[in-house]
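Colleague: Supplied in structure tokens, the structure appears directly below.
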Protein chains: 2
Amino acid sequence: MKDGFTVGLVQMSIPDSPDMALDKAIAGIKDAAKGGSSIIVLPELFRTHYFCQKQHADLFDLAEPIPGPTSEAVARVAKSCKVTVVASLFEKRAPGLYHNTAAVIGPDGEIIGLYRKNHIPDDPLFFEKYYFTPGDLGFKAFQTPEAKLGVLVCWDQWYPEAARLTALDGAEIIVYPTAIGWHPAEKPEHGVAQVQAWQLAQRAHGLASGVYIAAVNRHGHEGSRPGGIEFWGHSFVSDPYGLILAEAGDSEDRIIIQECSRGRIEDIRRNWPFLRDRRTDIFGGITRRFGH
Amino acid sequence: MKDGFTVGLVQMSIPDSPDMALDKAIAGIKDAAKGGSSIIVLPELFRTHYFCQKQHADLFDLAEPIPGPTSEAVARVAKSCKVTVVASLFEKRAPGLYHNTAAVIGPDGEIIGLYRKNHIPDDPLFFEKYYFTPGDLGFKAFQTPEAKLGVLVCWDQWYPEAARLTALDGAEIIVYPTAIGWHPAEKPEHGVAQVQAWQLAQRAHGLASGVYIAAVNRHGHEGSRPGGIEFWGHSFVSDPYGLILAEAGDSEDRIIIQECSRGRIEDIRRNWPFLRDRRTDIFGGITRRFGH
């Protein structure tokens, strides 16, 4: 393996039409590949506007099997560009059984593996528990040609356990396809603090386990004003020290291309050897809900 | 219970003489109590210079039992001030068996409980594995008159598992007596990033579990220049959102007094309900060292 790998993040607003969204994502993949990215990550559920703002049974029609039309379209471009792509999809697994699933598609167009979002949020305008069954594929790092790639999705990013388990599976980088934003009414008071907290949590996961972190968010307002959600962008890459290496703005289409160094992982883990000292003998209580 | 509680952190340099160090700590407790603190935390191993810079068997003479002279001296001032004090001590448990132990001493002068440091570092000039047997008392929150108080020590602060388990035991605040500093030769290149990483890790623990965090470090240079350790101060309190509420400088004696609000814990946890969704059914792998 080379000393490093290059990750490409496609931050974008999502067009009204799913076909246009797919075209835009494919163009982003091509741009990121031209810029030297070997692992390219799309935002969460990039095919459509964030439909979880409401609960409506017809919206399950947006789901598709994997493999299916979207994964196959992404596979074609992954193959033509010789890159790995992480594509976040609304998966129809069986009638009445749906997941929020990230497909890792390799440079031969093959599906290397799936990650089904394990932590499902449910908040006003983020009604995900209605749509998505929690994942049943555990936490995993996928062997891609360039790197061991950990994949988690959005709400997972608040859970240190998810990142730790992914790192323990050998991940060198953990990527988070994301759809997070402001309630417009809250933004003036809480907007800056929310973005900082969101980055803080993920940067700390990278620091705790000595891995790179890459989060890819959409941007733009979706829904009816004055309500709806203003997705806040701020896609970023942080290093195994928790330092932000690259960051997008809150309202721009942006391809982030960032080199990551295996030597830096080794160096940081050697100097702050957190993995050496974990008290695995007394961590069993992590499986408790609360209390003794 | 009142809506909140007030924590006091005694950041100090450590005098050469253990008697002077004790006097200084007692003066700090009194000042913090006068300022309204109900829970007062001293830096790690506040009785002496940081002896773990070298390995020498005679240095075990610095240890003492708990209860013992130091815990009793602290108990007297805790009782006279009607406060809870967290005192970090070099505990002699039996001949040849020593711990790095924090005693939680209540406002009646009683020992509410002990926390024995579970994660023991070992790095150049931080030869702790020579001195301290890893703790065998688990992760705990102690019921004090004012709050449920989680106690961890220094190297524990890099481990999300430690903070999570302490929070799951009901902690409203987690305090970290600490002795961390710069190798003087590394400070120009890495100094700022190291302090940021140190705060990042702990702030994120508070965010992940919706608890306050308080870290109390010593300051000042100890050892022979140009070597030795320059302890970096920067004691701080962060809120359940990960925001820093108060912070000391890198080279000052400073009492931080910070009110903490139970209402804010409730509010933050209600709006970002991370504890609701933890996938405790698939966290068992946390007890693995690495891999499958």
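By order in the structure tokens, chains are A, B, ...; within a chain, residues start at 1; ligands start at 1, following the order shown.
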Which residues of chain A are close to chain B, meaning at most 7 Å apart when you count only C-alpha atoms, and how do they look as number ranges by chain?
Modeller: A: 119, 138, 158-161, 165, 168-170, 197, 200-201, 204, 208, 241-242, 274, 277-292
Colleague: Mind dumping the selected residues with C-alpha atoms as a PDB file, in the first residue's frame?
Modeller:
```pdb
ATOM      1  CA  HIS A 119     -28.613   4.983  15.089  1.00  0.00           C
ATOM      2  CA  GLY A 138     -22.931  -4.037  12.808  1.00  0.00           C
ATOM      3  CA  TRP A 158     -22.867  11.486  18.065  1.00  0.00           C
ATOM      4  CA  TYR A 159     -21.993   8.022  19.371  1.00  0.00           C
ATOM      5  CA  PRO A 160     -18.410   7.356  20.430  1.00  0.00           C
ATOM      6  CA  GLU A 161     -19.183   3.652  20.565  1.00  0.00           C
ATOM      7  CA  LEU A 165     -16.100  -0.140  17.032  1.00  0.00           C
ATOM      8  CA  LEU A 168     -11.375  -1.438  16.125  1.00  0.00           C
ATOM      9  CA  ASP A 169     -12.377  -3.156  12.894  1.00  0.00           C
ATOM     10  CA  GLY A 170      -9.317  -1.528  11.349  1.00  0.00           C
ATOM     11  CA  ALA A 197     -20.779  20.667  18.516  1.00  0.00           C
ATOM     12  CA  LEU A 200     -16.436  18.527  17.919  1.00  0.00           C
ATOM     13  CA  ALA A 201     -18.070  15.139  18.378  1.00  0.00           C
ATOM     14  CA  ALA A 204     -12.981  13.678  18.993  1.00  0.00           C
ATOM     15  CA  ALA A 208      -9.738   8.857  20.469  1.00  0.00           C
ATOM     16  CA  TYR A 241      -5.264  14.476  16.138  1.00  0.00           C
ATOM     17  CA  GLY A 242      -8.714  16.020  15.710  1.00  0.00           C
ATOM     18  CA  PHE A 274      -4.524   5.354  23.579  1.00  0.00           C
ATOM     19  CA  ASP A 277      -4.263   1.073  27.435  1.00  0.00           C
ATOM     20  CA  ARG A 278      -7.987   0.581  26.909  1.00  0.00           C
ATOM     21  CA  ARG A 279      -9.427  -1.221  29.965  1.00  0.00           C
ATOM     22  CA  THR A 280     -11.363  -3.733  27.925  1.00  0.00           C
ATOM     23  CA  ASP A 281     -11.827  -5.821  31.074  1.00  0.00           C
ATOM     24  CA  ILE A 282     -14.145  -3.224  32.602  1.00  0.00           C
ATOM     25  CA  PHE A 283     -15.980  -1.823  29.578  1.00  0.00           C
ATOM     26  CA  GLY A 284     -18.778  -4.400  29.585  1.00  0.00           C
ATOM     27  CA  GLY A 285     -21.239  -1.946  31.122  1.00  0.00           C
ATOM     28  CA  ILE A 286     -21.334  -0.066  27.810  1.00  0.00           C
ATOM     29  CA  THR A 287     -24.121  -2.431  26.795  1.00  0.00           C
ATOM     30  CA  ARG A 288     -26.323  -1.125  29.616  1.00  0.00           C
ATOM     31  CA  ARG A 289     -29.000   1.425  28.890  1.00  0.00           C
ATOM     32  CA  PHE A 290     -28.390   3.353  32.117  1.00  0.00           C
ATOM     33  CA  GLY A 291     -27.596   2.747  35.769  1.00  0.00           C
ATOM     34  CA  HIS A 292     -26.284  -0.515  37.152  1.00  0.00           C
TER      35      HIS A 292
END
```
Colleague: Where in segment 22-240 of chain B does DSSP assign alpha helix (DSSP H), given as a ChimeraX atom specification?
Modeller: /B:22-34,69-81,128-131,160-168,187-209
Colleague: Determine, counting only C-alpha atoms, which protein, DNA and RNA residues have an atom within 10 Å of an atom of Gly96 of chain A; residues of the same chain fewer than 3 positions away are not included. Present the result as number ranges by chain.
Modeller: A: 60, 92-93, 131-133
Colleague: Would you export the selected residues with N, CA, C and O atoms as a short mmCIF file (atom, residue, chain, number, x, y, z; two decimals), in the first residue's frame, please?
Modeller:
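As written to disk, part-v4.cif reads:
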```cif
data_model
loop_
_atom_site.label_atom_id
_atom_site.label_comp_id
_atom_site.auth_asym_id
_atom_site.auth_seq_id
_atom_site.Cartn_x
_atom_site.Cartn_y
_atom_site.Cartn_z
N PHE A 60 -42.36 6.04 0.70
CA PHE A 60 -41.59 4.79 0.61
C PHE A 60 -41.32 4.41 -0.85
O PHE A 60 -40.43 3.62 -1.14
N LYS A 92 -34.77 -0.32 -0.11
CA LYS A 92 -35.94 -1.20 0.07
C LYS A 92 -35.44 -2.63 0.15
O LYS A 92 -34.93 -3.19 -0.82
N ARG A 93 -35.55 -3.20 1.35
CA ARG A 93 -35.01 -4.55 1.56
C ARG A 93 -36.09 -5.60 1.33
O ARG A 93 -35.82 -6.70 0.85
N TYR A 131 -39.29 5.86 8.87
CA TYR A 131 -38.86 5.31 7.58
C TYR A 131 -37.84 4.18 7.67
O TYR A 131 -37.86 3.26 6.86
N PHE A 132 -36.95 4.27 8.64
CA PHE A 132 -35.76 3.41 8.59
C PHE A 132 -35.73 2.42 9.76
O PHE A 132 -35.73 2.82 10.93
N THR A 133 -35.64 1.16 9.44
CA THR A 133 -35.35 0.15 10.46
C THR A 133 -33.87 0.26 10.83
O THR A 133 -33.02 0.37 9.95
#
```
Colleague: If you run DSSP on the backbone here, which positions in segment 68-143 of chain B get strand (DSSP E)? Please write them as a VMD selection string.
Modeller: chain B and resid 84 to 94 97 to 105 111 to 116 141 to 143
Colleague: Could the residues in this selection be written to a file with N, CA, C and O atoms, as a CSV table (one decimal), in the first residue's frame?
Modeller:
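So result-v7.csv came out as:
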```
chain,number,residue,atom,x,y,z
B,84,THR,N,-17.6,19.7,49.4
B,84,THR,CA,-17.1,18.4,49.0
B,84,THR,C,-15.8,18.7,48.3
B,84,THR,O,-15.7,19.6,47.5
B,85,VAL,N,-14.8,17.9,48.5
B,85,VAL,CA,-13.4,18.0,47.9
B,85,VAL,C,-13.0,16.7,47.2
B,85,VAL,O,-13.2,15.7,47.8
B,86,VAL,N,-12.5,16.9,46.0
B,86,VAL,CA,-11.9,15.7,45.3
B,86,VAL,C,-10.4,15.9,45.4
B,86,VAL,O,-9.8,16.9,44.9
B,87,ALA,N,-9.8,15.0,46.1
B,87,ALA,CA,-8.3,15.1,46.4
B,87,ALA,C,-7.6,13.9,45.8
B,87,ALA,O,-7.9,12.7,46.1
B,88,SER,N,-6.7,14.2,44.9
B,88,SER,CA,-6.0,13.1,44.2
B,88,SER,C,-4.7,12.7,44.9
B,88,SER,O,-3.9,13.6,45.2
B,89,LEU,N,-4.6,11.5,45.3
B,89,LEU,CA,-3.6,11.0,46.2
B,89,LEU,C,-2.8,9.8,45.6
B,89,LEU,O,-3.3,9.0,44.8
B,90,PHE,N,-1.6,9.7,46.1
B,90,PHE,CA,-0.7,8.5,45.8
B,90,PHE,C,-1.1,7.5,46.9
B,90,PHE,O,-0.6,7.7,48.1
B,91,GLU,N,-1.9,6.5,46.6
B,91,GLU,CA,-2.4,5.6,47.6
B,91,GLU,C,-1.5,4.4,47.9
B,91,GLU,O,-1.2,3.7,46.9
B,92,LYS,N,-1.1,4.2,49.1
B,92,LYS,CA,-0.5,2.9,49.5
B,92,LYS,C,-1.6,2.0,50.0
B,92,LYS,O,-2.2,2.2,51.1
B,93,ARG,N,-1.8,1.0,49.2
B,93,ARG,CA,-2.9,0.1,49.6
B,93,ARG,C,-2.4,-1.1,50.4
B,93,ARG,O,-3.1,-1.6,51.3
B,94,ALA,N,-1.2,-1.5,50.1
B,94,ALA,CA,-0.5,-2.6,50.8
B,94,ALA,C,0.9,-2.5,50.4
B,94,ALA,O,1.3,-1.9,49.4
B,97,LEU,N,1.8,-2.4,46.7
B,97,LEU,CA,0.6,-2.2,45.9
B,97,LEU,C,0.1,-0.8,46.0
B,97,LEU,O,-0.4,-0.4,47.1
B,98,TYR,N,0.2,0.0,45.0
B,98,TYR,CA,0.0,1.4,45.0
B,98,TYR,C,-1.0,1.8,43.9
B,98,TYR,O,-1.0,1.2,42.8
B,99,HIS,N,-1.8,2.9,44.2
B,99,HIS,CA,-2.7,3.4,43.2
B,99,HIS,C,-2.6,4.9,43.1
B,99,HIS,O,-2.2,5.5,44.0
B,100,ASN,N,-3.1,5.4,41.9
B,100,ASN,CA,-3.3,6.8,41.7
B,100,ASN,C,-4.8,7.0,42.0
B,100,ASN,O,-5.7,6.7,41.1
B,101,THR,N,-5.2,7.6,43.1
B,101,THR,CA,-6.5,7.5,43.7
B,101,THR,C,-7.1,8.9,44.0
B,101,THR,O,-6.4,9.7,44.6
B,102,ALA,N,-8.3,9.1,43.6
B,102,ALA,CA,-9.0,10.3,43.9
B,102,ALA,C,-10.0,10.0,45.0
B,102,ALA,O,-10.9,9.1,44.9
B,103,ALA,N,-9.9,10.7,46.2
B,103,ALA,CA,-10.8,10.5,47.3
B,103,ALA,C,-11.9,11.6,47.2
B,103,ALA,O,-11.5,12.8,47.0
B,104,VAL,N,-13.1,11.2,47.3
B,104,VAL,CA,-14.2,12.2,47.3
B,104,VAL,C,-14.6,12.4,48.8
B,104,VAL,O,-15.1,11.4,49.4
B,105,ILE,N,-14.3,13.6,49.3
B,105,ILE,CA,-14.5,13.8,50.8
B,105,ILE,C,-15.6,14.8,50.9
B,105,ILE,O,-15.6,15.9,50.4
B,111,ILE,N,-15.3,10.2,54.0
B,111,ILE,CA,-14.9,9.8,52.7
B,111,ILE,C,-16.1,9.2,52.0
B,111,ILE,O,-16.6,8.1,52.4
B,112,ILE,N,-16.6,9.9,51.0
B,112,ILE,CA,-17.8,9.4,50.3
B,112,ILE,C,-17.5,8.2,49.4
B,112,ILE,O,-18.2,7.2,49.3
B,113,GLY,N,-16.3,8.3,48.8
B,113,GLY,CA,-15.8,7.1,48.0
B,113,GLY,C,-14.5,7.4,47.4
B,113,GLY,O,-13.9,8.5,47.5
B,114,LEU,N,-13.9,6.3,46.8
B,114,LEU,CA,-12.7,6.4,46.1
B,114,LEU,C,-12.8,6.1,44.6
B,114,LEU,O,-13.6,5.2,44.3
B,115,TYR,N,-12.0,6.7,43.8
B,115,TYR,CA,-11.9,6.3,42.4
B,115,TYR,C,-10.4,6.0,42.2
B,115,TYR,O,-9.6,6.9,42.4
B,116,ARG,N,-10.1,4.8,41.8
B,116,ARG,CA,-8.7,4.5,41.4
B,116,ARG,C,-8.5,4.5,39.9
B,116,ARG,O,-9.2,3.8,39.2
B,141,ALA,N,-20.2,7.3,39.7
B,141,ALA,CA,-20.7,8.6,40.0
B,141,ALA,C,-21.0,8.6,41.5
B,141,ALA,O,-21.7,7.6,42.0
B,142,PHE,N,-20.5,9.5,42.2
B,142,PHE,CA,-20.7,9.6,43.7
B,142,PHE,C,-21.8,10.5,44.0
B,142,PHE,O,-21.9,11.7,43.5
B,143,GLN,N,-22.7,10.1,45.0
B,143,GLN,CA,-23.7,11.0,45.4
B,143,GLN,C,-23.2,12.0,46.5
B,143,GLN,O,-22.9,11.5,47.6
```
Colleague: Can you pull out every residue within 10 Å of Lys54 of chain B, counting only C-alpha atoms, but drop anything in the same chain fewer than 6 positions away, and send it as an mmCIF file with C-alpha atoms, in the first residue's frame?
Modeller:
```
data_model
loop_
_atom_site.group_PDB
_atom_site.id
_atom_site.type_symbol
_atom_site.label_atom_id
_atom_site.label_comp_id
_atom_site.auth_asym_id
_atom_site.auth_seq_id
_atom_site.Cartn_x
_atom_site.Cartn_y
_atom_site.Cartn_z
ATOM 1 C CA PRO B 124 8.930 9.306 28.482
ATOM 2 C CA LEU B 125 8.837 11.309 31.746
ATOM 3 C CA PHE B 126 5.386 9.921 32.551
ATOM 4 C CA PHE B 127 6.434 6.534 33.967
ATOM 5 C CA GLU B 128 3.156 5.819 35.690
ATOM 6 C CA TYR B 130 5.937 1.721 37.325
ATOM 7 C CA GLY B 223 12.480 18.840 36.530
#
```
Colleague: Compile the contact shell of segment 14-24 of chain B as JSON, numbers by chain: residues with an atom at most 9 Å away, counting only C-alpha atoms, same-chain residues fewer than 6 positions apart removed.
Modeller: {"B": [46, 47, 48, 49, 50, 70, 73, 74, 218, 219, 220, 222]}
Colleague: To one decimal place in Å, what is the distance between atom CA of Lys79 of chain B and atom CA of Gly109 of chain B?
Modeller: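 Atom CA of Gly109 of chain B lies at a distance of 4.8 Å from atom CA of Lys79 of chain B.
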Colleague: Quick one: residues within 6 Å of Ala78 of chain B, only C-alpha atoms, excluding same-chain residues fewer than 3 positions away - as a list of chain:residue names?
Modeller: B:Ala75, B:Cys81, B:Lys82, B:Val83, B:Pro107, B:Gly109
Colleague: Please, what distance in Å, to one decimal, runs between atom CA of Ala214 of chain B and atom CA of Phe236 of chain B?
Modeller: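 Result for atom CA of Ala214 of chain B versus atom CA of Phe236 of chain B: 5.7 Å, one decimal.
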